[in-house]
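One structure below.
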Amino acid sequence: MQDYREYFRDDEPRPAVWLRFTSITQVLIVLNVALFALVVLTAYLFLPYVLGVGRAPELTVRTLFDYVGLVPSAALGKLWAWQLVTYAFFHSVQNVLHLVFNMLVLYFFGREIETIYGRKRFLVLYFAAAAFAGLGYCAFQYSDVPLIGASGAVYAVMVVYAFHYPRQRVLFFFLVPLEIWVVVAILIGLDVTLQITGGAGSAAPIAHLAGALFGFLFFRLRGRVETYFDRLERRMERAEREHEEEIEARLDTLLEKISRDGMNSLTKKEREFLKRASRHYQNKA
């Protein structure tokens, strides 16, 4: 078999931008902060002062959140399923502390959990927790009020961390040193109280509680989760090997044809396949 793969590779392959970060946790934080800045700049600067759009910035933000926030009547009633994920990447522009708190918690706890479970499993934990928390909110708040914020996913990460390191001491509100399990218990107790008394205001305690519940379930069922991922990865590896073998077999056939009859003998589809194969091996390099 001819060693054609070296021919198709670039001399200086460039890694994807997101791989230049040291962790997925950093990617999530950067994405959240970037989207927050984009919303603020667009609504309060670009639209009114650059484009001269006369509508109020608050109305622009609300219109956006009606689509990317989690609106129960839209997510369930109109089947706008993307809202179960997108809502977790936007935060209130009137309350920057909402973003700051979530990102700080994600930074301090997310890195350790990502190290324990790996990138793929950490992403599953984060996105699945966000969706689970969103569904919990929809179950108790079927309305037109959009939910935004990463709190549900962050609560799940924090709970999983607390199960792994219950005696780890942290500064509660950056002031009082407490063990992490105590901090989690206090936060959950506050959310339960707010949910029961209806004193949540603009907060969504049910989403926090649903996220915490998902974190608990993820930790307790981690053995089954590991088994599922192991099976999935083996299937993906097997499928990848079969795909590689198909590419190599077809390339061998085309290279023999080129050697025998020249490049002009190739059909349009065969030329397109060679281009796709070239990109494939360049991306693998």
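Residue numbers start at 1 in each chain; chains themselves are named A, B, ... in the order of the structure tokens; ligands are numbered from 1 in the order shown.
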At a cut-off of 8 Å, can you tabulate as JSON lines every residue of stretch 177-250 of chain A near stretch 144-163 of chain A together with its closest atom pair and the distance in Å to one decimal, using only C-alpha atoms and ordering rows by chain then number?
{"residue": "A:Ile180", "atom": "CA", "partner": "A:Ala162", "partner_atom": "CA", "distance": 5.7}
{"residue": "A:Trp181", "atom": "CA", "partner": "A:Ala162", "partner_atom": "CA", "distance": 5.4}
{"residue": "A:Val184", "atom": "CA", "partner": "A:Val159", "partner_atom": "CA", "distance": 6.9}
{"residue": "A:Ala204", "atom": "CA", "partner": "A:Leu147", "partner_atom": "CA", "distance": 7.5}
{"residue": "A:Ala207", "atom": "CA", "partner": "A:Gly152", "partner_atom": "CA", "distance": 5.4}
{"residue": "A:His208", "atom": "CA", "partner": "A:Gly152", "partner_atom": "CA", "distance": 4.7}
{"residue": "A:Leu209", "atom": "CA", "partner": "A:Gly152", "partner_atom": "CA", "distance": 7.5}
{"residue": "A:Ala210", "atom": "CA", "partner": "A:Gly152", "partner_atom": "CA", "distance": 6.9}
{"residue": "A:Gly211", "atom": "CA", "partner": "A:Gly152", "partner_atom": "CA", "distance": 4.3}
{"residue": "A:Ala212", "atom": "CA", "partner": "A:Ala156", "partner_atom": "CA", "distance": 4.7}
{"residue": "A:Leu213", "atom": "CA", "partner": "A:Ala156", "partner_atom": "CA", "distance": 7.2}
{"residue": "A:Phe214", "atom": "CA", "partner": "A:Ala156", "partner_atom": "CA", "distance": 6.0}
{"residue": "A:Gly215", "atom": "CA", "partner": "A:Ala156", "partner_atom": "CA", "distance": 4.0}
{"residue": "A:Phe216", "atom": "CA", "partner": "A:Val159", "partner_atom": "CA", "distance": 6.5}
{"residue": "A:Phe218", "atom": "CA", "partner": "A:Val160", "partner_atom": "CA", "distance": 7.6}
{"residue": "A:Phe219", "atom": "CA", "partner": "A:Val160", "partner_atom": "CA", "distance": 6.0}
Convert the current residue selection to file output with N, CA and C atoms, as a compact mmCIF listing (two decimals), in the first residue's frame.
# COMPACT_ATOMS: atom_id res chain seq x y z
N ILE A 180 -17.28 22.74 52.01
CA ILE A 180 -18.11 22.90 50.82
C ILE A 180 -19.47 22.25 50.98
N TRP A 181 -19.55 21.13 51.72
CA TRP A 181 -20.85 20.50 51.89
C TRP A 181 -21.80 21.38 52.70
N VAL A 184 -23.06 24.12 50.24
CA VAL A 184 -24.09 23.58 49.35
C VAL A 184 -25.40 23.40 50.11
N ALA A 204 -34.61 32.09 40.15
CA ALA A 204 -35.32 30.87 39.76
C ALA A 204 -34.84 29.72 40.63
N ALA A 207 -34.89 26.10 39.33
CA ALA A 207 -33.83 25.72 38.39
C ALA A 207 -32.55 25.36 39.15
N HIS A 208 -32.26 26.11 40.22
CA HIS A 208 -31.09 25.79 41.05
C HIS A 208 -31.25 24.40 41.67
N LEU A 209 -32.43 24.14 42.20
CA LEU A 209 -32.68 22.86 42.86
C LEU A 209 -32.63 21.70 41.87
N ALA A 210 -33.17 21.92 40.67
CA ALA A 210 -33.13 20.88 39.65
C ALA A 210 -31.69 20.60 39.23
N GLY A 211 -30.90 21.65 39.11
CA GLY A 211 -29.49 21.47 38.78
C GLY A 211 -28.76 20.70 39.86
N ALA A 212 -29.03 21.04 41.13
CA ALA A 212 -28.41 20.32 42.24
C ALA A 212 -28.82 18.86 42.24
N LEU A 213 -30.10 18.59 41.95
CA LEU A 213 -30.58 17.21 41.89
C LEU A 213 -29.86 16.44 40.79
N PHE A 214 -29.67 17.08 39.65
CA PHE A 214 -28.97 16.41 38.56
C PHE A 214 -27.53 16.10 38.97
N GLY A 215 -26.88 17.03 39.66
CA GLY A 215 -25.52 16.76 40.13
C GLY A 215 -25.47 15.56 41.04
N PHE A 216 -26.46 15.45 41.94
CA PHE A 216 -26.54 14.30 42.84
C PHE A 216 -26.71 13.00 42.06
N PHE A 218 -25.99 12.45 38.92
CA PHE A 218 -24.80 12.20 38.11
C PHE A 218 -23.73 11.51 38.95
N PHE A 219 -23.54 11.98 40.17
CA PHE A 219 -22.53 11.39 41.04
C PHE A 219 -22.91 9.97 41.45
> Could you write out, as a list in words, all the residues of stretch 99-264 of chain A that DSSP marks as strand (DSSP E)?
Replying inline: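 Those in stretch 99-264 of chain A that DSSP calls strand (DSSP E) are Arg169, Val170, Leu171, Phe172, Val176, Pro177, Leu178 and Glu179 of chain A.
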Just-selected residues, C-alpha atoms written as a short mmCIF file (atom, residue, chain, number, x, y, z; two decimals), in the first residue's frame:
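Just written: result-v7.cif:
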data_model
loop_
_atom_site.label_atom_id
_atom_site.label_comp_id
_atom_site.auth_asym_id
_atom_site.auth_seq_id
_atom_site.Cartn_x
_atom_site.Cartn_y
_atom_site.Cartn_z
CA ARG A 169 -13.00 24.56 52.90
CA VAL A 170 -14.12 27.53 50.83
CA LEU A 171 -14.92 31.16 51.62
CA PHE A 172 -18.69 31.49 51.72
CA VAL A 176 -16.69 32.94 56.02
CA PRO A 177 -14.55 29.76 55.73
CA LEU A 178 -16.86 26.74 55.57
CA GLU A 179 -16.63 23.21 54.31
#
>> Measuring between only C-alpha atoms, which one of A:Thr197, A:Asn32, A:Gln168, A:Thr42 shows the shortest distance to A:Phe90?
In response: A:Asn32
>> Can you pull out every residue from stretch 3-159 of chain A that DSSP, working from the backbone, puts in helix (DSSP H, G or I), and format the result as a VMD selection string?
In response: chain A and resid 5 to 8 17 to 20 24 to 50 57 to 68 72 to 75 83 to 89 96 to 140 151 to 159
>> At a cut-off of 10 Å, using only C-alpha atoms, what residues contact A:Phe122? Leave out same-chain residues fewer than 6 positions from it and give the result as a list in words.
In response: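 Near A:Phe122, the qualifying residues are Ile24, Thr25, Gly110, Arg111, Ile113, Glu114, Thr115, Ile116, Ala128 and Val157 of chain A.
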> Looking at only C-alpha atoms, which of A:Ala56, A:Leu251, A:Ala129, A:Pro72 is the one that sits closest to A:Arg271?
Replying inline: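 The closest residue to A:Arg271 is A:Leu251.
Note that the spacing between atom CA of A:Phe89 and atom CA of A:Leu35 amounts to 7.2 Å.
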>> Considering only C-alpha atoms, can you say which of A:Leu28, A:His243, A:Ala75, A:Arg119 comes closest to A:Asn102?
In response: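 Using only C-alpha atoms, A:Asn102 sits closest to A:Leu28.
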>> Let me make sure I understand: among A:Val124, A:Ala185, A:Leu135, A:Val40, which one has the smallest atom-to-atom distance to A:Asn95 if we use only C-alpha atoms?
In response: A:Val40
> Hey, can you check how far atom CA of A:Asp191 sits from atom CA of A:Pro205?
Replying inline: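 Atom CA of A:Pro205 lies at a distance of 4.9 Å from atom CA of A:Asp191.
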>> Considering only C-alpha atoms, can you say which of A:Ser23, A:Lys268, A:Leu217, A:Ser259 comes closest to A:Lys120?
In response: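 Checking each candidate against A:Lys120, we get A:Ser23 as the closest.
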> Nearest to A:Val61 among A:Arg276, A:Arg235, A:Lys78, A:His91, with distances taken over only C-alpha atoms: which residue is it?
Replying inline: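 For A:Val61, the nearest of the given residues is A:His91.
Across the model, the gap from atom CA of A:Glu226 to atom CA of A:Leu106 is 22.4 Å.
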